[in-house]
$ cat final.txt   # compact mmCIF, C-alpha atoms
# COMPACT_ATOMS: atom_id res chain seq x y z
CA MET R 270 0.00 0.00 0.00
CA LYS R 271 1.24 3.42 -0.89
CA VAL R 272 2.14 5.48 2.16
CA ILE R 273 4.32 8.50 2.62
CA HIS R 274 7.86 7.34 2.98
CA PHE R 275 8.06 8.88 6.40
CA ARG R 276 7.41 5.78 8.38
CA PRO R 277 10.08 3.46 6.96
CA LEU R 278 12.51 6.35 6.94
CA ARG R 279 11.79 7.15 10.53
CA ASN R 280 12.18 3.48 11.41
CA ALA R 281 15.44 3.39 9.56
CA LEU R 282 16.61 6.52 11.35
CA ALA R 283 15.64 5.05 14.67
CA ILE R 284 17.55 1.89 13.98
CA ALA R 285 20.43 3.91 12.62
CA GLY R 286 20.40 6.07 15.71
CA ILE R 287 20.68 3.05 17.96
CA ALA R 288 23.36 1.59 15.72
CA ALA R 289 25.26 4.88 15.73
CA LEU R 290 24.95 5.00 19.47
CA ALA R 291 26.23 1.50 19.64
CA ALA R 292 28.97 2.46 17.20
CA CYS R 293 29.93 5.45 19.28
CA ALA R 294 29.93 3.33 22.37
CA SER R 295 32.15 0.54 20.96
CA THR R 296 32.91 0.60 17.22
CA PRO R 297 33.50 -2.99 16.08
CA LEU R 298 36.66 -2.91 14.00
CA THR R 299 36.29 -6.46 12.65
CA ASN R 300 33.68 -8.37 10.82
CA PRO R 301 34.37 -12.05 10.32
CA LYS R 302 32.79 -12.12 6.85
CA LEU R 303 34.86 -9.16 5.81
CA ASP R 304 37.97 -10.87 7.16
CA GLU R 305 37.22 -13.90 5.05
CA ALA R 306 36.64 -11.75 1.99
CA ARG R 307 39.87 -9.88 2.58
CA ALA R 308 41.86 -13.08 3.01
CA ALA R 309 40.39 -14.56 -0.14
CA TYR R 310 41.17 -11.42 -2.08
CA ASP R 311 44.75 -11.31 -0.85
CA ARG R 312 45.30 -14.92 -1.90
CA ALA R 313 43.90 -14.25 -5.36
CA ALA R 314 45.87 -11.04 -5.83
CA ALA R 315 49.07 -12.84 -4.88
CA ASP R 316 48.50 -15.50 -7.54
CA ALA R 317 50.41 -14.53 -10.68
CA GLN R 318 48.07 -16.41 -12.98
CA VAL R 319 45.04 -14.61 -11.54
CA ALA R 320 46.72 -11.21 -11.76
CA ARG R 321 47.60 -12.01 -15.39
CA SER R 322 44.33 -13.45 -16.64
CA ALA R 323 41.69 -11.55 -14.63
CA PRO R 324 42.93 -8.08 -13.74
CA MET R 325 39.55 -6.43 -14.34
CA GLU R 326 37.67 -8.86 -12.15
CA LEU R 327 40.25 -8.52 -9.40
CA GLN R 328 39.79 -4.77 -9.64
CA ARG R 329 36.05 -5.02 -9.17
CA ALA R 330 36.54 -7.37 -6.24
CA GLN R 331 38.89 -4.88 -4.67
CA GLU R 332 36.36 -2.07 -5.08
CA SER R 333 33.71 -4.06 -3.25
CA LEU R 334 36.23 -4.93 -0.57
CA GLN R 335 37.14 -1.29 -0.10
CA ARG R 336 33.49 -0.30 0.21
CA ALA R 337 33.03 -2.99 2.80
CA GLU R 338 36.00 -1.72 4.75
CA SER R 339 34.92 1.89 4.67
CA ALA R 340 31.45 0.83 5.77
CA LEU R 341 33.05 -0.98 8.68
CA ARG R 342 35.20 2.05 9.62
CA ALA R 343 32.15 4.28 9.40
CA GLY R 344 30.41 2.03 11.86
CA ASP R 345 27.71 1.02 9.38
CA GLU R 346 25.35 -1.87 9.95
CA ALA R 347 26.84 -5.32 9.73
CA SER R 348 24.41 -6.15 6.95
CA THR R 349 25.91 -3.36 4.85
CA VAL R 350 29.46 -4.44 5.53
CA GLU R 351 28.56 -8.04 4.82
CA HIS R 352 26.74 -7.12 1.62
CA PHE R 353 29.89 -5.62 0.15
CA ALA R 354 32.00 -8.41 1.64
CA TYR R 355 29.76 -10.91 -0.15
CA LEU R 356 30.16 -9.07 -3.45
CA ALA R 357 33.91 -9.02 -2.88
CA ARG R 358 33.94 -12.79 -2.23
CA GLN R 359 31.92 -13.63 -5.32
CA ARG R 360 33.99 -11.36 -7.53
CA THR R 361 37.23 -12.76 -6.17
CA GLU R 362 35.98 -16.24 -6.90
CA SER R 363 35.02 -15.12 -10.42
CA ALA R 364 38.57 -13.87 -10.97
CA MET R 365 39.95 -17.21 -9.86
CA GLN R 366 37.60 -19.03 -12.20
CA THR R 367 38.73 -16.86 -15.09
CA ALA R 368 42.33 -17.71 -14.27
CA GLY R 369 41.37 -21.38 -14.20
CA LEU R 370 39.72 -20.96 -17.57
CA ALA R 371 42.87 -19.44 -19.03
CA LYS R 372 44.86 -22.37 -17.65
CA ALA R 373 42.39 -24.88 -19.07
CA ASP R 374 42.49 -23.20 -22.47
CA GLU R 375 46.27 -23.44 -22.42
CA ALA R 376 45.98 -27.12 -21.52
CA VAL R 377 43.51 -27.61 -24.40
CA ALA R 378 45.94 -26.03 -26.83
CA GLN R 379 48.75 -28.22 -25.50
CA ALA R 380 46.64 -31.35 -25.73
CA ARG R 381 45.71 -30.49 -29.30
CA ALA R 382 49.37 -29.88 -30.11
CA GLN R 383 50.24 -33.23 -28.56
CA ARG R 384 47.58 -34.95 -30.62
CA ASP R 385 49.04 -33.39 -33.74
CA ARG R 386 52.52 -34.55 -32.72
CA ILE R 387 51.25 -38.08 -32.14
CA LEU R 388 49.62 -38.14 -35.56
CA ILE R 389 52.66 -36.70 -37.30
CA ASP R 390 54.85 -39.15 -35.46
CA ALA R 391 52.64 -42.05 -36.45
CA ARG R 392 52.51 -40.89 -40.03
CA GLY R 393 56.27 -40.53 -40.02
CA ARG R 394 56.67 -44.03 -38.69
CA GLU R 395 54.14 -45.34 -41.15
CA ALA R 396 56.06 -43.64 -43.95
CA ASP R 397 59.28 -45.16 -42.62
CA GLN R 398 57.70 -48.59 -42.49
CA GLN R 399 56.35 -48.19 -45.99
CA ARG R 400 59.77 -47.15 -47.19
CA ALA R 401 61.35 -50.11 -45.45
CA SER R 402 58.90 -52.58 -46.90
CA ALA R 403 59.24 -50.98 -50.32
CA GLU R 404 63.01 -51.35 -49.99
CA LYS R 405 62.55 -54.95 -48.91
CA ALA R 406 60.27 -55.59 -51.86
CA ARG R 407 62.82 -54.01 -54.14
CA THR R 408 65.68 -56.16 -52.91
CA GLU R 409 63.43 -59.22 -53.07
CA ALA R 410 62.53 -58.32 -56.63
CA GLN R 411 66.20 -57.86 -57.42
CA THR R 412 67.04 -61.26 -55.97
CA ALA R 413 64.17 -62.82 -57.86
CA LEU R 414 65.35 -61.13 -61.04
CA LYS R 415 68.89 -62.37 -60.52
CA LEU R 416 67.58 -65.84 -59.87
CA ALA R 417 65.44 -65.68 -62.97
CA GLN R 418 68.41 -64.46 -64.97
CA GLN R 419 70.54 -67.29 -63.62
CA ARG R 420 67.85 -69.76 -64.49
CA ALA R 421 67.52 -68.27 -67.94
CA ALA R 422 71.28 -68.46 -68.44
CA ALA R 423 71.31 -72.05 -67.21
CA ALA R 424 68.39 -72.84 -69.47
CA GLU R 425 70.22 -71.24 -72.38
CA VAL R 426 73.33 -73.29 -71.65
CA ALA R 427 71.21 -76.41 -71.42
CA ARG R 428 69.51 -75.47 -74.65
CA GLN R 429 72.77 -74.90 -76.39
CA GLU R 430 74.12 -78.17 -75.06
CA ALA R 431 70.99 -79.93 -76.21
CA GLU R 432 71.32 -78.24 -79.58
CA ALA R 433 74.96 -79.25 -79.81
CA ALA R 434 74.03 -82.80 -78.85
CA ARG R 435 71.27 -82.73 -81.43
CA GLN R 436 73.63 -81.42 -84.03
CA GLN R 437 76.10 -84.09 -83.11
CA ALA R 438 73.42 -86.71 -83.32
CA ILE R 439 72.36 -85.33 -86.68
CA SER R 440 75.90 -85.24 -87.97
CA ALA R 441 76.53 -88.69 -86.56
CA GLN R 442 73.31 -89.78 -88.20
CA SER R 443 74.23 -88.14 -91.46
CA ARG R 444 77.68 -89.56 -91.23
CA ALA R 445 76.20 -92.94 -90.64
CA ALA R 446 73.82 -92.40 -93.50
CA LYS R 447 76.62 -91.16 -95.65
CA LEU R 448 78.68 -94.13 -94.70
CA GLU R 449 75.84 -96.38 -95.58
CA ALA R 450 75.35 -94.58 -98.84
CA GLN R 451 79.02 -94.79 -99.64
CA LEU R 452 79.11 -98.42 -98.85
CA ALA R 453 75.96 -98.92 -100.86
CA GLU R 454 77.45 -97.03 -103.74
CA MET R 455 80.51 -99.19 -103.58
CA LYS R 456 78.16 -102.12 -103.57
CA ALA R 457 79.57 -103.45 -100.33
CA ARG R 458 77.81 -106.48 -98.87
CA LYS R 459 77.20 -107.20 -95.29
CA THR R 460 78.77 -110.36 -94.11
CA ASP R 461 79.64 -111.86 -90.81
CA ARG R 462 83.13 -110.42 -91.20
CA GLY R 463 81.76 -106.89 -91.78
CA MET R 464 81.05 -104.95 -94.93
CA VAL R 465 82.81 -106.48 -97.88
CA LEU R 466 83.54 -104.82 -101.20
CA THR R 467 84.23 -107.20 -103.98
CA LEU R 468 86.40 -106.16 -106.86
CA GLY R 469 85.67 -108.48 -109.71
CA ASP R 470 87.87 -110.29 -112.16
CA VAL R 471 87.34 -107.72 -114.94
CA LEU R 472 89.58 -105.32 -113.11
CA PHE R 473 92.61 -107.38 -113.98
CA ASP R 474 93.82 -108.94 -117.20
CA THR R 475 93.92 -112.72 -117.16
CA GLY R 476 96.78 -114.04 -115.07
CA ARG R 477 98.01 -110.51 -114.36
CA ALA R 478 98.05 -108.36 -111.21
CA GLU R 479 97.93 -104.81 -112.67
CA LEU R 480 94.74 -102.91 -112.08
CA LYS R 481 93.01 -101.92 -115.30
CA PRO R 482 91.75 -98.33 -115.77
CA GLY R 483 88.16 -99.48 -115.19
CA ALA R 484 89.08 -100.31 -111.61
CA MET R 485 90.11 -96.81 -110.78
CA ARG R 486 86.63 -95.51 -110.11
CA THR R 487 86.08 -98.11 -107.44
CA ILE R 488 89.56 -97.54 -106.00
CA GLU R 489 88.82 -93.81 -105.83
CA GLN R 490 85.56 -94.43 -104.07
CA LEU R 491 87.31 -96.66 -101.58
CA ALA R 492 90.07 -94.14 -101.00
CA THR R 493 87.54 -91.33 -100.45
CA PHE R 494 85.63 -93.51 -98.06
CA MET R 495 88.75 -94.26 -96.09
CA ARG R 496 89.73 -90.60 -95.99
CA GLU R 497 86.29 -89.63 -94.72
CA ASN R 498 86.18 -92.42 -92.20
CA PRO R 499 89.63 -92.34 -90.74
CA GLU R 500 88.76 -94.81 -88.01
CA ARG R 501 88.22 -97.59 -90.57
CA THR R 502 90.79 -100.02 -91.76
CA VAL R 503 90.59 -102.53 -94.60
CA GLU R 504 91.85 -106.04 -95.22
CA ILE R 505 92.37 -106.75 -98.89
CA GLU R 506 92.02 -110.42 -99.77
CA GLY R 507 92.87 -111.89 -103.13
CA TYR R 508 91.19 -115.07 -104.48
CA THR R 509 91.51 -117.14 -107.66
CA ASP R 510 89.68 -119.98 -109.29
CA SER R 511 91.04 -123.50 -109.24
CA ILE R 512 92.60 -123.45 -112.71
CA GLY R 513 96.34 -123.64 -112.47
CA SER R 514 98.67 -124.68 -109.70
CA ASP R 515 98.06 -123.77 -106.09
CA ALA R 516 101.40 -122.03 -105.90
CA PHE R 517 100.70 -119.94 -108.96
CA ASN R 518 97.27 -119.04 -107.79
CA GLN R 519 98.55 -118.21 -104.29
CA ASP R 520 101.15 -115.92 -105.78
CA LEU R 521 98.67 -114.30 -108.16
CA SER R 522 96.13 -113.68 -105.43
CA GLU R 523 98.80 -112.11 -103.28
CA ARG R 524 100.04 -109.86 -106.04
CA ARG R 525 96.50 -108.72 -106.92
CA ALA R 526 95.74 -107.92 -103.27
CA ARG R 527 98.95 -106.00 -103.03
CA ALA R 528 98.12 -104.08 -106.16
CA VAL R 529 94.92 -102.82 -104.64
CA ARG R 530 96.82 -101.99 -101.46
CA THR R 531 99.41 -100.00 -103.38
CA ALA R 532 96.69 -98.13 -105.25
CA LEU R 533 95.15 -97.05 -101.99
CA ILE R 534 98.47 -96.04 -100.47
CA ASP R 535 99.23 -94.08 -103.63
CA ARG R 536 96.04 -92.15 -102.91
CA GLY R 537 97.33 -91.12 -99.50
CA ILE R 538 95.86 -93.81 -97.28
CA ASP R 539 98.10 -94.69 -94.37
CA THR R 540 99.85 -98.03 -94.84
CA ARG R 541 98.85 -99.17 -91.40
CA ARG R 542 95.24 -99.01 -92.36
CA VAL R 543 95.55 -101.36 -95.30
CA SER R 544 96.60 -104.98 -95.16
CA ALA R 545 96.78 -107.34 -98.11
CA ARG R 546 96.69 -111.16 -98.21
CA GLY R 547 96.35 -113.80 -100.82
CA PHE R 548 94.17 -116.86 -100.34
CA GLY R 549 94.75 -118.56 -103.64
CA GLU R 550 92.13 -121.11 -104.60
CA SER R 551 90.67 -121.34 -101.12
CA ASN R 552 87.30 -119.96 -100.09
CA PRO R 553 85.60 -120.10 -103.46
CA VAL R 554 82.27 -118.36 -103.59
CA ALA R 555 80.98 -120.29 -106.53
CA THR R 556 81.54 -123.60 -108.28
CA ASN R 557 84.74 -123.94 -110.26
CA ASP R 558 83.02 -126.26 -112.75
CA THR R 559 81.39 -123.50 -114.81
CA ALA R 560 82.96 -120.56 -116.50
CA ALA R 561 80.63 -118.20 -114.72
CA GLY R 562 81.44 -119.75 -111.37
CA ARG R 563 85.15 -119.57 -112.03
CA GLN R 564 84.82 -115.93 -112.99
CA GLN R 565 83.10 -115.25 -109.69
CA ASN R 566 85.84 -116.95 -107.75
CA ARG R 567 88.46 -114.78 -109.41
CA ARG R 568 88.05 -111.75 -107.14
CA VAL R 569 89.64 -109.34 -104.65
CA GLU R 570 87.60 -108.73 -101.48
CA VAL R 571 88.02 -105.60 -99.39
CA VAL R 572 86.81 -106.18 -95.86
CA ILE R 573 86.02 -102.90 -94.14
CA SER R 574 86.55 -103.02 -90.42
CA GLY R 575 84.13 -101.91 -87.83
CA THR R 576 81.07 -102.00 -90.04
CA MET W 29 13.02 26.17 28.76
CA LYS W 30 15.38 23.48 27.39
CA LEU W 31 16.72 20.87 29.74
CA PRO W 32 20.36 19.85 29.19
CA ILE W 33 19.11 16.33 28.29
CA THR W 34 16.98 17.75 25.46
CA HIS W 35 20.10 19.38 24.08
CA PHE W 36 21.84 16.04 24.27
CA PHE W 37 19.00 14.33 22.43
CA ARG W 38 19.05 16.99 19.72
CA ARG W 39 22.73 16.37 19.15
CA LEU W 40 21.95 12.67 19.15
CA ALA W 41 19.28 13.23 16.50
CA LEU W 42 21.80 15.15 14.38
CA LEU W 43 24.33 12.37 14.77
CA THR W 44 21.80 9.73 13.87
CA ALA W 45 20.77 11.74 10.85
CA ALA W 46 24.41 11.96 9.76
CA GLY W 47 24.80 8.28 10.49
CA ALA W 48 21.72 7.50 8.50
CA ALA W 49 23.04 9.58 5.64
CA LEU W 50 26.26 7.63 5.80
CA ILE W 51 24.38 4.32 5.76
CA LEU W 52 22.38 5.35 2.80
CA THR W 53 25.49 6.50 0.93
CA GLY W 54 25.57 5.34 -2.69
CA CYS W 55 21.88 5.55 -2.97
CA ALA W 56 21.02 8.45 -5.28
CA SER W 57 17.51 8.40 -4.10
CA PRO W 58 16.42 5.64 -1.75
CA GLY W 59 12.92 6.04 -3.06
CA THR W 60 13.46 4.61 -6.62
CA PRO W 61 13.49 1.01 -7.66
CA PRO W 62 16.95 -0.30 -8.71
CA VAL W 63 16.12 -0.77 -12.38
CA VAL W 64 19.69 -0.77 -13.62
CA GLN W 65 20.86 -3.38 -11.12
CA MET W 66 17.94 -5.68 -11.80
CA THR W 67 18.34 -5.46 -15.55
CA SER W 68 22.00 -6.22 -15.14
CA ALA W 69 21.23 -9.20 -12.93
CA ARG W 70 18.74 -10.58 -15.42
CA ALA W 71 21.27 -10.30 -18.23
CA SER W 72 23.99 -12.03 -16.21
CA ILE W 73 21.61 -14.83 -15.30
CA ALA W 74 20.71 -15.34 -18.97
CA GLN W 75 24.40 -15.47 -19.89
CA ALA W 76 25.12 -17.98 -17.17
CA GLU W 77 22.25 -20.16 -18.36
CA SER W 78 23.50 -20.17 -21.95
CA ALA W 79 26.96 -21.13 -20.68
CA GLY W 80 25.35 -24.26 -19.22
CA ALA W 81 25.35 -23.13 -15.59
CA LEU W 82 22.31 -25.25 -14.79
CA GLN W 83 24.51 -28.37 -15.21
CA LEU W 84 27.94 -26.98 -14.44
CA ALA W 85 27.33 -24.41 -11.66
CA PRO W 86 23.82 -25.05 -10.36
CA VAL W 87 24.37 -23.75 -6.82
CA GLU W 88 25.41 -20.28 -7.95
CA LEU W 89 22.80 -20.07 -10.69
CA LEU W 90 19.91 -21.03 -8.41
CA ALA W 91 21.16 -18.61 -5.78
CA ALA W 92 21.14 -15.86 -8.41
CA ARG W 93 17.63 -16.69 -9.53
CA ASP W 94 16.38 -16.83 -5.98
CA LYS W 95 17.86 -13.46 -5.11
CA LEU W 96 16.44 -11.88 -8.23
CA GLY W 97 13.02 -13.16 -7.26
CA ARG W 98 13.38 -11.74 -3.78
CA ALA W 99 14.55 -8.44 -5.27
CA GLU W 100 11.41 -8.26 -7.39
CA ALA W 101 9.26 -8.93 -4.32
CA ALA W 102 11.14 -6.24 -2.42
CA VAL W 103 10.48 -3.79 -5.24
CA ARG W 104 6.79 -4.57 -5.09
CA GLU W 105 6.87 -3.82 -1.37
CA GLU W 106 8.96 -0.69 -2.02
CA ARG W 107 11.92 -1.97 -0.04
CA TYR W 108 14.28 -0.48 -2.57
CA VAL W 109 17.50 -0.65 -0.62
CA GLU W 110 17.01 -4.31 0.04
CA ALA W 111 15.98 -4.82 -3.62
CA ARG W 112 19.09 -3.12 -4.87
CA ARG W 113 21.36 -5.21 -2.69
CA LEU W 114 19.64 -8.42 -3.68
CA ALA W 115 19.96 -7.50 -7.35
CA GLU W 116 23.66 -6.73 -6.97
CA GLN W 117 24.28 -10.02 -5.23
CA ALA W 118 22.24 -11.86 -7.85
CA GLU W 119 24.42 -10.35 -10.53
CA ALA W 120 27.63 -11.38 -8.75
CA ASP W 121 26.29 -14.90 -8.28
CA ALA W 122 25.28 -15.18 -11.94
CA GLU W 123 28.66 -13.92 -13.07
CA LEU W 124 30.39 -16.50 -10.92
CA ALA W 125 28.07 -19.19 -12.26
CA GLU W 126 28.96 -18.26 -15.84
CA ARG W 127 32.72 -18.27 -15.18
CA LYS W 128 32.52 -21.58 -13.36
CA SER W 129 30.60 -23.12 -16.26
CA ARG W 130 33.11 -22.00 -18.86
CA THR W 131 36.02 -23.29 -16.81
CA ALA W 132 34.29 -26.60 -16.19
CA ARG W 133 33.65 -27.01 -19.90
CA SER W 134 37.25 -26.29 -20.76
CA ALA W 135 38.44 -28.71 -18.09
CA ARG W 136 36.20 -31.36 -19.60
CA ALA W 137 37.66 -30.65 -23.03
CA VAL W 138 41.15 -31.13 -21.61
CA GLU W 139 40.09 -34.45 -20.10
CA GLU W 140 38.54 -35.62 -23.35
CA LEU W 141 41.56 -34.60 -25.37
CA ALA W 142 43.91 -36.33 -22.92
CA ARG W 143 41.76 -39.47 -23.09
CA GLY W 144 41.65 -39.24 -26.87
CA ASN W 145 45.41 -38.88 -27.06
CA ALA W 146 45.95 -41.93 -24.86
CA GLU W 147 43.59 -44.01 -27.00
CA LEU W 148 45.21 -42.74 -30.17
CA LYS W 149 48.62 -43.74 -28.89
CA LYS W 150 47.36 -47.21 -27.97
CA GLU W 151 45.80 -47.71 -31.38
CA ILE W 152 48.96 -46.65 -33.14
CA GLU W 153 51.05 -49.02 -31.03
CA ARG W 154 48.61 -51.81 -31.87
CA ASP W 155 48.88 -51.09 -35.57
CA ALA W 156 52.66 -50.90 -35.42
CA THR W 157 53.02 -54.26 -33.67
CA ARG W 158 50.53 -55.85 -36.02
CA ARG W 159 52.74 -54.97 -38.92
$ encode --input "final.txt" --output "structure tokens"
Amino acid sequence: MKVIHFRPLRNALAIAGIAALAACASTPLTNPKLDEARAAYDRAAADAQVARSAPMELQRAQESLQRAESALRAGDEASTVEHFAYLARQRTESAMQTAGLAKADEAVAQARAQRDRILIDARGREADQQRASAEKARTEAQTALKLAQQRAAAAEVARQEAEAARQQAISAQSRAAKLEAQLAEMKARKTDRGMVLTLGDVLFDTGRAELKPGAMRTIEQLATFMRENPERTVEIEGYTDSIGSDAFNQDLSERRARAVRTALIDRGIDTRRVSARGFGESNPVATNDTAAGRQQNRRVEVVISGT
Amino acid sequence: MKLPITHFFRRLALLTAAGAALILTGCASPGTPPVVQMTSARASIAQAESAGALQLAPVELLAARDKLGRAEAAVREERYVEARRLAEQAEADAELAERKSRTARSARAVEELARGNAELKKEIERDATRR
């Protein structure tokens, strides 16, 4: 209800008068709440972090504190003193909180920086590991390459050896074929003694041991064969029919064999590769009762060794 | 005719008046409601609330709200000195509540970051040994 402000004012004055009286009688110089506020302020002001981060708030706290102290000195009501002391306390606490905030923000920044360092570190290590494994892979690849190259080289050598062997086989085969062909051309027969070339009677005049010109082709063939097959040797055997004496025939067969031998030697065949023997009337190949048979028996046989 | 005791009481009245004046120092006119202080208190309370003071500094925030309410009641009953004081205290409480909330939040962030860093380190060690 709206009344003239006299009454509350008068009440206040009355109370104030008593308080002043009391103050005059014994002015209380301390107030426990103010003491607490002062102590709290002093602690905060002494803290370097607080002074640094919350100077304005400290200032406001100090102002409230000063008002509380002057109220106390003036003998004001305790409620007044304590009001300002309360403000001082709260503002001091605010200043401390602000300092704490600054500290926490610093800690946040540091923690963030640490996180970045951890990540960079990890990435660095990861990069190192990747490099190391790449290096390892590279050396492994190199080793594998070397191995492959070695294998390839070995394979090439093997191939070449196989090729050489093949070539040898082919040349051996062709040599064998050639040999066969040569022997075939010379009309050599296979016998149990080996391949035998028979030079017939027509190569010599009757009763004589000189080779006629017609024999030369065969002699040449034989000489070529022996040149191309240096491992071969020949035994030249002379034979006659039964007409005439044994002694004569023996001698004739010998001389004819030797004639063939000489012809070969004249064509450059080593003497040690050619032997000559006469067998006279022995070992006829046909009957001596017919002219044809007797002609057959009059022969020189060349036995080729190793065939 | 004035008795000596009347003289004494007159002086006493003068003293009490002076004393009263001293007590009411800082009050431009004790007869007006403390609009500025109450507006300021309301603003500080709102700031504290948006800083999360209800969770992080509930004691101070509720004290501020309570004092503001009592200040408003005092204004209605024309107890302006009391209202002004309550408003000033409400403002100081709200300010403290706001600061406390911000600090608490930052401290939590530090904790979370520290925890995160520790976990990160562990994970990286795990990965490294796995390789």
$ closest_atom_pairs --input "final.txt" --of "chain R" --to "chain W" --cutoff "7 Å" --atoms "all atoms listed in the file" --output "tab-separated table"
residue	atom	partner	partner_atom	distance
R:Leu282	CA	W:Ala48	CA	5.9
R:Ala285	CA	W:Ala48	CA	5.6
R:Gly286	CA	W:Thr44	CA	4.3
R:Ala289	CA	W:Thr44	CA	6.2
R:Asp345	CA	W:Ile51	CA	5.9
R:Leu356	CA	W:Gln117	CA	6.2
R:Gln359	CA	W:Ala120	CA	5.9
R:Arg360	CA	W:Ala120	CA	6.5
R:Glu362	CA	W:Leu124	CA	6.9
R:Ser363	CA	W:Leu124	CA	4.9
R:Gln366	CA	W:Arg127	CA	5.8
R:Thr367	CA	W:Arg127	CA	6.2
R:Gly369	CA	W:Thr131	CA	6.3
R:Leu370	CA	W:Thr131	CA	4.4
R:Ala373	CA	W:Ala135	CA	5.6
R:Asp374	CA	W:Ser134	CA	6.3
R:Ala376	CA	W:Val138	CA	6.3
R:Val377	CA	W:Val138	CA	5.1
R:Ala380	CA	W:Leu141	CA	6.0
R:Arg384	CA	W:Asn145	CA	5.7
R:Ala391	CA	W:Ile152	CA	6.8
$ atom_distance --input "final.txt" --atom1 "atom CA of Leu533 of chain R" --atom2 "atom CA of Ala441 of chain R"
25.6 Å
$ atom_distance --input "final.txt" --atom1 "atom CA of Ala364 of chain R" --atom2 "atom CA of Ala347 of chain R"
25.3 Å
$ residues_around --input "final.txt" --residues "Ala484 of chain R" --least-positions-apart "2" --cutoff "12 Å" --atoms "only C-alpha atoms" --output "list in words"
Met455, Thr467, Leu468, Gly469, Asp470, Val471, Leu472, Phe473, Asp474, Glu479, Leu480, Lys481, Pro482, Arg486, Thr487, Ile488, Glu489, Gln490, Leu491, Ala528, Val529, Ala532, Leu533 and Val569 of chain R
$ axis_aligned_box --input "final.txt" --around "segment 479-484 of chain R" --padding-each-side "5 Å" --output "lines of an AutoDock Vina configuration file"
center_x = 93.0
center_y = -101.6
center_z = -113.7
size_x = 19.8
size_y = 16.5
size_z = 14.2
$ residues_around --input "final.txt" --residues "Asp304 of chain R" --least-positions-apart "4" --cutoff "10 Å" --atoms "all atoms listed in the file" --output "PDB file with C-alpha atoms, keeping the file's coordinate frame"
ATOM      1  CA  THR R 299      36.290  -6.460  12.650  1.00  0.00           C
ATOM      2  CA  ASN R 300      33.680  -8.370  10.820  1.00  0.00           C
ATOM      3  CA  ALA R 308      41.860 -13.080   3.010  1.00  0.00           C
ATOM      4  CA  ALA R 309      40.390 -14.560  -0.140  1.00  0.00           C
ATOM      5  CA  TYR R 310      41.170 -11.420  -2.080  1.00  0.00           C
ATOM      6  CA  LEU R 334      36.230  -4.930  -0.570  1.00  0.00           C
ATOM      7  CA  GLU R 338      36.000  -1.720   4.750  1.00  0.00           C
ATOM      8  CA  ALA R 354      32.000  -8.410   1.640  1.00  0.00           C
TER       9      ALA R 354
END
$ residues_around --input "final.txt" --residues "segment 500-509 of chain R" --least-positions-apart "3" --cutoff "6 Å" --atoms "only C-alpha atoms" --output "ChimeraX atom specification"
/R:522-523,526,542-550,566-574
$ atom_distance --input "final.txt" --atom1 "atom CA of Pro301 of chain R" --atom2 "atom CA of Ser333 of chain R"
15.8 Å
